[in-house]
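> What follows is model_5.json; its format and atoms are JSON, C-alpha atoms.
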[["chain", "number", "residue", "atom", "x", "y", "z"],
["A", 1, "MET", "CA", 15.46, -10.70, -12.61],
["A", 2, "THR", "CA", 15.50, -13.88, -10.52],
["A", 3, "ASP", "CA", 19.28, -13.96, -10.37],
["A", 4, "GLU", "CA", 19.39, -10.36, -9.21],
["A", 5, "LEU", "CA", 17.00, -10.98, -6.33],
["A", 6, "LYS", "CA", 17.84, -14.52, -5.30],
["A", 7, "GLY", "CA", 18.83, -14.61, -1.65],
["A", 8, "CYS", "CA", 17.80, -11.00, -1.05],
["A", 9, "THR", "CA", 15.16, -10.11, 1.54],
["A", 10, "ALA", "CA", 11.67, -8.74, 0.97],
["A", 11, "VAL", "CA", 9.63, -7.28, 3.83],
["A", 12, "VAL", "CA", 5.87, -7.03, 3.28],
["A", 13, "THR", "CA", 3.37, -5.47, 5.67],
["A", 14, "GLY", "CA", -0.25, -6.53, 5.40],
["A", 15, "ALA", "CA", 1.16, -9.86, 4.22],
["A", 16, "GLY", "CA", -1.39, -12.09, 5.93],
["A", 17, "SER", "CA", -3.90, -12.00, 3.08],
["A", 18, "GLY", "CA", -4.94, -10.32, -0.14],
["A", 19, "PHE", "CA", -2.53, -8.09, -2.03],
["A", 20, "GLY", "CA", 0.22, -8.50, 0.57],
["A", 21, "ALA", "CA", 0.09, -12.30, 0.40],
["A", 22, "ALA", "CA", 0.14, -12.11, -3.41],
["A", 23, "LEU", "CA", 3.25, -9.92, -3.25],
["A", 24, "VAL", "CA", 4.90, -12.52, -1.02],
["A", 25, "ASP", "CA", 4.26, -15.14, -3.70],
["A", 26, "ARG", "CA", 5.95, -13.02, -6.37],
["A", 27, "PHE", "CA", 9.02, -12.49, -4.21],
["A", 28, "ARG", "CA", 9.18, -16.16, -3.25],
["A", 29, "GLU", "CA", 9.16, -17.12, -6.93],
["A", 30, "ALA", "CA", 12.17, -14.84, -7.39],
["A", 31, "GLY", "CA", 14.07, -16.73, -4.68],
["A", 32, "MET", "CA", 13.86, -14.02, -2.06],
["A", 33, "LYS", "CA", 13.74, -14.49, 1.70],
["A", 34, "ILE", "CA", 10.50, -13.16, 3.13],
["A", 35, "ALA", "CA", 9.48, -11.31, 6.28],
["A", 36, "ALA", "CA", 5.68, -11.39, 6.37],
["A", 37, "LEU", "CA", 4.21, -8.79, 8.75],
["A", 38, "ASP", "CA", 0.56, -8.40, 9.65],
["A", 39, "ILE", "CA", -1.60, -7.32, 12.57],
["A", 40, "ASP", "CA", -3.06, -10.83, 12.33],
["A", 41, "GLY", "CA", -0.02, -12.76, 13.53],
["A", 42, "SER", "CA", -1.45, -16.19, 12.79],
["A", 43, "ALA", "CA", -2.21, -15.17, 9.20],
["A", 44, "ALA", "CA", 1.33, -13.82, 8.79],
["A", 45, "GLN", "CA", 2.76, -17.08, 10.11],
["A", 46, "GLN", "CA", 0.55, -19.13, 7.78],
["A", 47, "VAL", "CA", 1.93, -17.19, 4.82],
["A", 48, "ALA", "CA", 5.48, -17.74, 6.07],
["A", 49, "ASP", "CA", 4.78, -21.45, 6.56],
["A", 50, "ARG", "CA", 3.47, -21.69, 3.00],
["A", 51, "VAL", "CA", 6.67, -20.12, 1.70],
["A", 52, "GLY", "CA", 8.69, -22.63, 3.73],
["A", 53, "ALA", "CA", 6.63, -25.54, 2.41],
["A", 54, "GLN", "CA", 7.43, -24.37, -1.12],
["A", 55, "GLY", "CA", 11.16, -24.43, -0.45],
["A", 56, "GLY", "CA", 11.64, -20.78, 0.51],
["A", 57, "GLU", "CA", 12.80, -19.09, 3.68],
["A", 58, "ALA", "CA", 10.39, -16.87, 5.57],
["A", 59, "MET", "CA", 9.36, -15.54, 8.94],
["A", 60, "GLY", "CA", 5.98, -14.28, 10.11],
["A", 61, "LEU", "CA", 5.50, -11.51, 12.64],
["A", 62, "ARG", "CA", 2.49, -9.89, 14.27],
["A", 63, "VAL", "CA", 2.90, -6.13, 13.90],
["A", 64, "ASP", "CA", 0.50, -3.24, 14.38],
["A", 65, "VAL", "CA", 2.01, -0.65, 12.02],
["A", 66, "ALA", "CA", 0.18, 2.15, 13.86],
["A", 67, "ASP", "CA", 2.52, 1.40, 16.78],
["A", 68, "ALA", "CA", 5.94, 2.87, 15.94],
["A", 69, "GLY", "CA", 7.67, 0.84, 18.66],
["A", 70, "ALA", "CA", 6.21, -2.40, 17.36],
["A", 71, "VAL", "CA", 7.46, -1.69, 13.85],
["A", 72, "GLN", "CA", 10.92, -0.79, 15.12],
["A", 73, "ALA", "CA", 11.02, -4.06, 17.07],
["A", 74, "ALA", "CA", 10.02, -5.95, 13.93],
["A", 75, "ALA", "CA", 12.83, -4.29, 11.98],
["A", 76, "ALA", "CA", 15.30, -5.37, 14.66],
["A", 77, "THR", "CA", 14.01, -8.95, 14.44],
["A", 78, "VAL", "CA", 14.33, -8.96, 10.65],
["A", 79, "ALA", "CA", 17.86, -7.54, 10.94],
["A", 80, "ASP", "CA", 18.84, -10.33, 13.34],
["A", 81, "ARG", "CA", 17.41, -13.03, 11.06],
["A", 82, "PHE", "CA", 18.16, -11.77, 7.55],
["A", 83, "GLY", "CA", 20.64, -8.89, 7.98],
["A", 84, "ASP", "CA", 19.14, -6.40, 5.58],
["A", 85, "CYS", "CA", 16.19, -5.64, 3.29],
["A", 86, "SER", "CA", 16.26, -5.18, -0.47],
["A", 87, "ILE", "CA", 12.54, -4.69, -1.13],
["A", 88, "LEU", "CA", 10.16, -3.09, 1.36],
["A", 89, "CYS", "CA", 6.44, -3.12, 0.69],
["A", 90, "ALA", "CA", 4.61, -0.63, 2.89],
["A", 91, "ASN", "CA", 1.29, -2.27, 2.11],
["A", 92, "VAL", "CA", -1.01, -0.70, 4.68],
["A", 93, "GLY", "CA", -4.69, 0.05, 4.51],
["A", 94, "VAL", "CA", -7.80, -0.25, 6.63],
["A", 95, "GLN", "CA", -11.07, 0.63, 4.95],
["A", 96, "HIS", "CA", -14.04, 2.54, 6.34],
["A", 97, "PHE", "CA", -17.28, 3.44, 4.61],
["A", 98, "GLY", "CA", -19.82, 6.10, 5.43],
["A", 99, "PRO", "CA", -20.78, 9.71, 4.63],
["A", 100, "LEU", "CA", -18.29, 12.28, 5.92],
["A", 101, "GLU", "CA", -20.81, 13.73, 8.35],
["A", 102, "ARG", "CA", -21.27, 10.31, 9.94],
["A", 103, "LEU", "CA", -17.56, 9.69, 10.65],
["A", 104, "THR", "CA", -16.42, 10.30, 14.19],
["A", 105, "GLU", "CA", -13.12, 11.89, 15.12],
["A", 106, "GLN", "CA", -12.04, 8.55, 16.56],
["A", 107, "GLU", "CA", -12.74, 6.84, 13.22],
["A", 108, "TRP", "CA", -10.76, 9.50, 11.35],
["A", 109, "ARG", "CA", -7.81, 9.11, 13.69],
["A", 110, "TRP", "CA", -7.88, 5.31, 13.38],
["A", 111, "VAL", "CA", -7.83, 5.34, 9.57],
["A", 112, "LEU", "CA", -5.13, 8.03, 9.41],
["A", 113, "ASP", "CA", -3.01, 6.43, 12.14],
["A", 114, "VAL", "CA", -2.96, 3.07, 10.37],
["A", 115, "ASN", "CA", -2.87, 4.10, 6.72],
["A", 116, "VAL", "CA", -0.67, 7.19, 6.90],
["A", 117, "MET", "CA", 1.39, 6.88, 10.06],
["A", 118, "GLY", "CA", 1.62, 3.10, 9.55],
["A", 119, "THR", "CA", 3.23, 3.69, 6.17],
["A", 120, "ILE", "CA", 5.62, 6.24, 7.66],
["A", 121, "HIS", "CA", 6.52, 3.99, 10.60],
["A", 122, "THR", "CA", 7.25, 1.14, 8.20],
["A", 123, "VAL", "CA", 9.58, 3.15, 5.98],
["A", 124, "GLN", "CA", 11.33, 4.89, 8.89],
["A", 125, "SER", "CA", 11.99, 1.59, 10.67],
["A", 126, "PHE", "CA", 13.24, -0.41, 7.69],
["A", 127, "LEU", "CA", 15.12, 2.30, 5.76],
["A", 128, "PRO", "CA", 18.41, 1.58, 7.61],
["A", 129, "LEU", "CA", 18.17, -2.07, 6.50],
["A", 130, "ILE", "CA", 17.54, -0.99, 2.91],
["A", 131, "ARG", "CA", 20.56, 1.28, 2.99],
["A", 132, "ARG", "CA", 22.82, -1.59, 4.05],
["A", 133, "SER", "CA", 21.51, -3.92, 1.33],
["A", 134, "LYS", "CA", 23.95, -5.04, -1.36],
["A", 135, "GLY", "CA", 21.14, -5.99, -3.71],
["A", 136, "PRO", "CA", 18.48, -3.83, -5.40],
["A", 137, "LYS", "CA", 17.04, -1.19, -3.10],
["A", 138, "ARG", "CA", 13.35, -0.64, -3.66],
["A", 139, "ILE", "CA", 10.34, 0.59, -1.69],
["A", 140, "LEU", "CA", 6.77, -0.04, -2.76],
["A", 141, "VAL", "CA", 4.11, 2.15, -1.17],
["A", 142, "THR", "CA", 0.53, 0.99, -1.61],
["A", 143, "SER", "CA", -1.83, 3.85, -2.37],
["A", 144, "SER", "CA", -5.18, 3.17, -4.07],
["A", 145, "SER", "CA", -7.12, 3.94, -7.21],
["A", 146, "ALA", "CA", -9.31, 5.94, -4.81],
["A", 147, "ALA", "CA", -6.55, 8.57, -4.79],
["A", 148, "LEU", "CA", -6.96, 8.88, -8.58],
["A", 149, "THR", "CA", -10.72, 8.46, -8.89],
["A", 150, "PRO", "CA", -12.31, 9.48, -5.57],
["A", 151, "GLY", "CA", -15.88, 8.64, -4.76],
["A", 152, "ILE", "CA", -18.46, 9.24, -2.04],
["A", 153, "ARG", "CA", -18.85, 7.31, 1.25],
["A", 154, "MET", "CA", -15.11, 6.54, 1.61],
["A", 155, "GLY", "CA", -13.74, 9.95, 2.53],
["A", 156, "ALA", "CA", -11.40, 8.90, 5.34],
["A", 157, "TYR", "CA", -9.81, 6.14, 3.29],
["A", 158, "THR", "CA", -9.45, 8.37, 0.22],
["A", 159, "ALA", "CA", -7.92, 11.20, 2.24],
["A", 160, "SER", "CA", -5.43, 8.76, 3.77],
["A", 161, "LYS", "CA", -4.41, 7.49, 0.36],
["A", 162, "TYR", "CA", -3.94, 11.04, -0.97],
["A", 163, "ALA", "CA", -1.59, 11.60, 1.98],
["A", 164, "VAL", "CA", 0.25, 8.34, 1.35],
["A", 165, "THR", "CA", 0.70, 9.29, -2.30],
["A", 166, "GLY", "CA", 2.18, 12.69, -1.39],
["A", 167, "TYR", "CA", 4.48, 11.08, 1.15],
["A", 168, "ALA", "CA", 5.72, 8.54, -1.41],
["A", 169, "GLU", "CA", 6.26, 11.19, -4.08],
["A", 170, "THR", "CA", 8.53, 13.13, -1.70],
["A", 171, "LEU", "CA", 10.26, 9.97, -0.50],
["A", 172, "ARG", "CA", 11.10, 9.05, -4.09],
["A", 173, "MET", "CA", 12.76, 12.40, -4.70],
["A", 174, "GLU", "CA", 14.68, 12.39, -1.42],
["A", 175, "LEU", "CA", 16.06, 8.86, -1.83],
["A", 176, "ALA", "CA", 16.88, 9.03, -5.55],
["A", 177, "GLU", "CA", 20.52, 10.09, -5.06],
["A", 178, "GLU", "CA", 21.09, 7.03, -2.85],
["A", 179, "GLY", "CA", 19.94, 4.69, -5.59],
["A", 180, "ILE", "CA", 16.83, 3.71, -3.62],
["A", 181, "GLY", "CA", 13.82, 3.49, -5.88],
["A", 182, "VAL", "CA", 10.31, 4.28, -4.69],
["A", 183, "SER", "CA", 7.22, 3.18, -6.59],
["A", 184, "ILE", "CA", 3.59, 3.92, -5.81],
["A", 185, "ALA", "CA", 1.02, 1.17, -6.42],
["A", 186, "PHE", "CA", -2.59, 2.10, -7.17],
["A", 187, "PRO", "CA", -4.65, -1.07, -6.78],
["A", 188, "ALA", "CA", -8.33, -0.98, -7.62],
["A", 189, "GLY", "CA", -10.91, -3.24, -6.04],
["A", 190, "MET", "CA", -9.83, -6.78, -5.24],
["A", 191, "ALA", "CA", -11.67, -9.93, -4.23],
["A", 192, "THR", "CA", -9.91, -10.18, -0.87],
["A", 193, "ARG", "CA", -10.58, -10.12, 2.89],
["A", 194, "HIS", "CA", -9.91, -6.35, 2.99],
["A", 195, "LEU", "CA", -13.21, -5.41, 4.61],
["A", 196, "GLU", "CA", -13.05, -8.35, 6.99],
["A", 197, "SER", "CA", -9.45, -7.62, 7.99],
["A", 198, "SER", "CA", -10.31, -3.93, 8.45],
["A", 199, "ALA", "CA", -13.15, -4.87, 10.78],
["A", 200, "LEU", "CA", -10.86, -7.18, 12.75],
["A", 201, "ALA", "CA", -8.19, -4.48, 13.04],
["A", 202, "ARG", "CA", -10.66, -1.89, 14.33],
["A", 203, "PRO", "CA", -9.99, -1.10, 18.02],
["A", 204, "ARG", "CA", -12.53, -2.77, 20.30],
["A", 205, "GLU", "CA", -13.34, 0.46, 22.12],
["A", 206, "MET", "CA", -14.70, 1.85, 18.84],
["A", 207, "GLY", "CA", -17.34, -0.85, 18.66],
["A", 208, "GLU", "CA", -18.19, -3.14, 15.78],
["A", 209, "MET", "CA", -17.72, -1.80, 12.26],
["A", 210, "ALA", "CA", -21.01, -1.37, 10.42],
["A", 211, "ILE", "CA", -20.53, -2.19, 6.74],
["A", 212, "ARG", "CA", -23.63, -1.10, 4.83],
["A", 213, "ARG", "CA", -24.32, -2.33, 1.32],
["A", 214, "ASP", "CA", -25.85, 1.01, 0.32],
["A", 215, "ASP", "CA", -22.56, 2.78, 1.17],
["A", 216, "ILE", "CA", -20.58, 0.42, -1.06],
["A", 217, "ASP", "CA", -23.12, 0.65, -3.89],
["A", 218, "ALA", "CA", -23.14, 4.46, -3.70],
["A", 219, "MET", "CA", -19.33, 4.57, -3.74],
["A", 220, "MET", "CA", -19.09, 2.32, -6.79],
["A", 221, "LYS", "CA", -21.76, 4.27, -8.66],
["A", 222, "SER", "CA", -20.07, 7.61, -7.93],
["A", 223, "ARG", "CA", -16.78, 6.30, -9.32],
["A", 224, "GLY", "CA", -18.34, 4.71, -12.39],
["A", 225, "MET", "CA", -17.18, 1.30, -11.20],
["A", 226, "THR", "CA", -18.47, -2.13, -12.05],
["A", 227, "SER", "CA", -17.16, -5.40, -10.68],
["A", 228, "ALA", "CA", -16.28, -6.52, -14.20],
["A", 229, "ASP", "CA", -13.84, -3.70, -14.96],
["A", 230, "HIS", "CA", -12.60, -2.68, -11.52],
["A", 231, "VAL", "CA", -12.38, -5.76, -9.32],
["A", 232, "ALA", "CA", -9.73, -8.46, -9.75],
["A", 233, "THR", "CA", -7.98, -11.13, -7.77],
["A", 234, "ALA", "CA", -4.99, -10.12, -5.67],
["A", 235, "GLU", "CA", -2.83, -12.45, -7.76],
["A", 236, "HIS", "CA", -3.80, -10.57, -10.92],
["A", 237, "ALA", "CA", -3.10, -7.22, -9.23],
["A", 238, "ALA", "CA", 0.40, -8.35, -8.22],
["A", 239, "ARG", "CA", 1.39, -9.81, -11.58],
["A", 240, "ASN", "CA", 3.58, -6.90, -12.80],
["A", 241, "ILE", "CA", 4.82, -5.54, -9.48],
["A", 242, "LEU", "CA", 8.27, -7.11, -9.54],
["A", 243, "PRO", "CA", 9.44, -5.96, -13.00],
["A", 244, "ASP", "CA", 7.97, -2.50, -12.44],
["A", 245, "LEU", "CA", 9.73, -2.23, -9.07],
["A", 246, "LEU", "CA", 13.07, -3.23, -10.54],
["A", 247, "ALA", "CA", 12.56, -0.73, -13.37],
["A", 248, "ASN", "CA", 11.88, 1.91, -10.67],
["A", 249, "GLU", "CA", 8.60, 2.90, -12.26],
["A", 250, "ARG", "CA", 7.14, 5.92, -10.50],
["A", 251, "TYR", "CA", 3.57, 4.66, -10.72],
["A", 252, "ILE", "CA", 2.15, 1.14, -10.89],
["A", 253, "VAL", "CA", -1.52, 0.89, -11.80],
["A", 254, "THR", "CA", -2.28, -2.73, -11.08],
["A", 255, "HIS", "CA", -5.69, -3.01, -12.78],
["A", 256, "GLY", "CA", -8.99, -1.23, -13.27],
["A", 257, "ALA", "CA", -10.38, 0.53, -16.34],
["A", 258, "TYR", "CA", -10.68, 4.22, -15.47],
["A", 259, "ARG", "CA", -8.63, 6.02, -18.11],
["A", 260, "ALA", "CA", -11.58, 8.28, -18.99],
["A", 261, "GLN", "CA", -11.81, 9.50, -15.38],
["A", 262, "LEU", "CA", -8.07, 10.17, -15.31],
["A", 263, "GLU", "CA", -8.25, 12.17, -18.53],
["A", 264, "GLU", "CA", -11.18, 14.19, -17.18],
["A", 265, "THR", "CA", -9.32, 14.98, -13.96],
["A", 266, "PHE", "CA", -6.06, 15.97, -15.60],
["A", 267, "ASP", "CA", -7.83, 17.94, -18.30],
["A", 268, "ALA", "CA", -9.55, 19.97, -15.57],
["A", 269, "LEU", "CA", -6.20, 20.53, -13.82],
["A", 270, "LEU", "CA", -4.50, 21.66, -17.03],
["A", 271, "LYS", "CA", -7.34, 24.04, -17.82],
["A", 272, "ALA", "CA", -7.13, 25.47, -14.28],
["A", 273, "HIS", "CA", -3.38, 25.87, -14.73],
["A", 274, "ASP", "CA", -3.86, 27.73, -18.02],
["A", 275, "ARG", "CA", -6.50, 30.01, -16.53],
["A", 276, "GLY", "CA", -3.96, 30.89, -13.85],
["A", 277, "GLN", "CA", -1.62, 32.22, -16.52],
["A", 278, "ASP", "CA", -4.05, 34.89, -17.71],
["A", 279, "GLY", "CA", -3.43, 38.56, -16.94],
["A", 280, "PRO", "CA", -0.21, 40.48, -16.32],
["A", 281, "SER", "CA", 2.95, 38.73, -15.22],
["A", 282, "PRO", "CA", 3.54, 38.44, -11.45],
["A", 283, "GLY", "CA", 5.14, 41.52, -9.96],
["A", 284, "THR", "CA", 4.01, 43.85, -12.73]]
Rewrite the coordinates I just gave you, this time as structure tokens.


Amino acid sequence: MTDELKGCTAVVTGAGSGFGAALVDRFREAGMKIAALDIDGSAAQQVADRVGAQGGEAMGLRVDVADAGAVQAAAATVADRFGDCSILCANVGVQHFGPLERLTEQEWRWVLDVNVMGTIHTVQSFLPLIRRSKGPKRILVTSSSAALTPGIRMGAYTASKYAVTGYAETLRMELAEEGIGVSIAFPAGMATRHLESSALARPREMGEMAIRRDDIDAMMKSRGMTSADHVATAEHAARNILPDLLANERYIVTHGAYRAQLEETFDALLKAHDRGQDGPSPGT
């Protein structure tokens, strides 16, 4: 695995902290060159500096993925420095809590612009670099366990991750003939700066983000979550990403014990499917 990736380039958005920074560490260990992108430019540069201090080669860039032009400019910078991209991690996600009726249109647009359009901007901008790569060609799209086990008080985030999942499913099918693999990661809760970074990324004109403990508690209860079985470190969540990416696994569940909820959901879907087969055949 290391030989296959050594000297190739990995591009990671949201690389300044948390899951993105943990992904950078996995790629550095494999001998890859790193482009660390984040809306927090200083955090991205700190991650790049850490890679350099450990003997790797990296660059850090401030990029707001909701801004298509900014992402295109970043892709041009990466092309000038590294030439191509073998692994792209569209690791995008701002969080927002609150009952659906309390969310404003501006808050909906912010979450969807960053999480959905940010993912699309990232793939659209870097796909030409992936196509020119002579190494493995892989795209990792970060969805969330919330798209598999939805809960209350996080409707905008969950809706965005459903959309990201559908986008990645289609992308995988459309790029398969080119030998470009697409995997969808479903991280569960992580002990990271996710809420803090989401608050910092929130546009100033929207005012300060109010994070209420009762919203978080209600969400966790509705999803049957406990910290013990659903929250892990980012390093733990990233532990199997590289081999699963190279194997072109369709889905990567990083952690979290929610098999029972998955079985309940898919059992309900299968029963609904079977009920739809009752009666005369279509057209008769």

> Which residue is closest to Ala156 in chain A? Choose from A:Leu100, A:Leu5, A:Ile39, A:Ile241 and count only C-alpha atoms.

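Of A:Leu100, A:Leu5, A:Ile39, A:Ile241, the one nearest Ala156 in chain A, counting only C-alpha atoms, is A:Leu100.
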
> Go ahead and compute the interatomic distance for CA of Ser133 in chain A and CA of Cys85 in chain A, in Å to one decimal.

5.9 Å

> Hey, which of A:Gln277, A:Ser160, A:Thr254, A:Thr77 ends up closest to Val94 in chain A? Count only C-alpha atoms.

A:Ser160

> What separation in Å, quoted to one decimal, exists between CA of Pro243 in chain A and CA of Arg50 in chain A?

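Spanning CA of Pro243 in chain A to CA of Arg50 in chain A is a straight-line distance of 23.2 Å.
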
> Just give me the gap between CA of Ala79 in chain A and CA of Asp38 in chain A in Å, one decimal is fine.

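Result for CA of Ala79 in chain A versus CA of Asp38 in chain A: 17.4 Å, one decimal.
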
> Using all atoms listed in the file, which residues sit within 12 Å of Asp244 in chain A once same-chain residues fewer than 5 positions away are excluded, as a VMD selection string?

chain A and resid 1 138 to 140 181 to 185 238 to 239 249 to 254

> For Ala257 in chain A, which residue among A:Leu148, A:Ala30, A:Ala218, A:Ala191 is the nearest when counting only C-alpha atoms?

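Of the candidates, the smallest distance to Ala257 in chain A is held by A:Leu148.
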
> Need the neighbours of (-1.9, 11.5, -1.8): which residues are at most 12 Å away, counting only C-alpha atoms, as a VMD selection string?

chain A and resid 115 to 116 141 to 150 157 to 170 184 to 186

> Fewer than 5 positions away in the same chain doesn't count, so skip those; otherwise give me all residues within 10 Å of Ala22 in chain A, counting all atoms listed in the file, as an MDAnalysis selection string.

chainID A and resid 15:17 27:28 47 233:239

> From the options A:Pro187, A:Gly69, A:Gly18, A:Pro136, which residue's atoms come nearest to Leu242 in chain A, counting all atoms listed in the file?

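Of A:Pro187, A:Gly69, A:Gly18, A:Pro136, the one nearest Leu242 in chain A is A:Pro136, counting all atoms listed in the file.
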
> Using all atoms listed in the file, which of A:Gly83, A:Gly31, A:Pro99, A:Gly93 sits nearest Phe126 in chain A?

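Closest to Phe126 in chain A, using all atoms listed in the file: A:Gly83.
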
> N, CA and C atoms are needed for range 247-268 of chain A; please write them out as a short mmCIF file (atom, residue, chain, number, x, y, z; two decimals), in the coordinates of the input.


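Here's the written file part08.cif:
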data_model
loop_
_atom_site.label_atom_id
_atom_site.label_comp_id
_atom_site.auth_asym_id
_atom_site.auth_seq_id
_atom_site.Cartn_x
_atom_site.Cartn_y
_atom_site.Cartn_z
N ALA A 247 12.39 -1.81 -12.39
CA ALA A 247 12.56 -0.73 -13.37
C ALA A 247 12.41 0.65 -12.72
N ASN A 248 12.09 0.67 -11.42
CA ASN A 248 11.88 1.91 -10.67
C ASN A 248 10.83 2.79 -11.32
N GLU A 249 9.73 2.14 -11.71
CA GLU A 249 8.60 2.90 -12.26
C GLU A 249 8.01 3.78 -11.15
N ARG A 250 7.71 5.00 -11.49
CA ARG A 250 7.14 5.92 -10.50
C ARG A 250 5.76 5.47 -10.06
N TYR A 251 4.93 5.08 -11.01
CA TYR A 251 3.57 4.66 -10.72
C TYR A 251 3.32 3.24 -11.23
N ILE A 252 2.56 2.47 -10.46
CA ILE A 252 2.15 1.14 -10.89
C ILE A 252 0.64 1.04 -10.72
N VAL A 253 -0.07 1.10 -11.82
CA VAL A 253 -1.52 0.89 -11.80
C VAL A 253 -1.74 -0.59 -12.03
N THR A 254 -2.23 -1.28 -11.02
CA THR A 254 -2.28 -2.73 -11.08
C THR A 254 -3.40 -3.25 -11.97
N HIS A 255 -4.54 -2.57 -11.98
CA HIS A 255 -5.69 -3.01 -12.78
C HIS A 255 -6.78 -1.96 -12.62
N GLY A 256 -7.87 -2.17 -13.34
CA GLY A 256 -8.99 -1.23 -13.27
C GLY A 256 -9.03 -0.37 -14.52
N ALA A 257 -10.21 -0.24 -15.11
CA ALA A 257 -10.38 0.53 -16.34
C ALA A 257 -11.00 1.88 -16.00
N TYR A 258 -10.15 2.90 -15.81
CA TYR A 258 -10.68 4.22 -15.47
C TYR A 258 -9.88 5.33 -16.17
N ARG A 259 -9.40 5.03 -17.35
CA ARG A 259 -8.63 6.02 -18.11
C ARG A 259 -9.46 7.28 -18.38
N ALA A 260 -10.73 7.12 -18.68
CA ALA A 260 -11.58 8.28 -18.99
C ALA A 260 -11.66 9.22 -17.79
N GLN A 261 -11.76 8.66 -16.58
CA GLN A 261 -11.81 9.50 -15.38
C GLN A 261 -10.48 10.22 -15.16
N LEU A 262 -9.38 9.53 -15.44
CA LEU A 262 -8.07 10.17 -15.31
C LEU A 262 -7.94 11.33 -16.30
N GLU A 263 -8.35 11.11 -17.52
CA GLU A 263 -8.25 12.17 -18.53
C GLU A 263 -9.11 13.36 -18.14
N GLU A 264 -10.29 13.10 -17.60
CA GLU A 264 -11.18 14.19 -17.18
C GLU A 264 -10.54 15.00 -16.05
N THR A 265 -9.96 14.30 -15.09
CA THR A 265 -9.32 14.98 -13.96
C THR A 265 -8.15 15.82 -14.41
N PHE A 266 -7.25 15.24 -15.20
CA PHE A 266 -6.06 15.97 -15.60
C PHE A 266 -6.36 17.06 -16.62
N ASP A 267 -7.40 16.88 -17.40
CA ASP A 267 -7.83 17.94 -18.30
C ASP A 267 -8.32 19.14 -17.50
N ALA A 268 -9.07 18.88 -16.43
CA ALA A 268 -9.55 19.97 -15.57
C ALA A 268 -8.38 20.68 -14.89
#
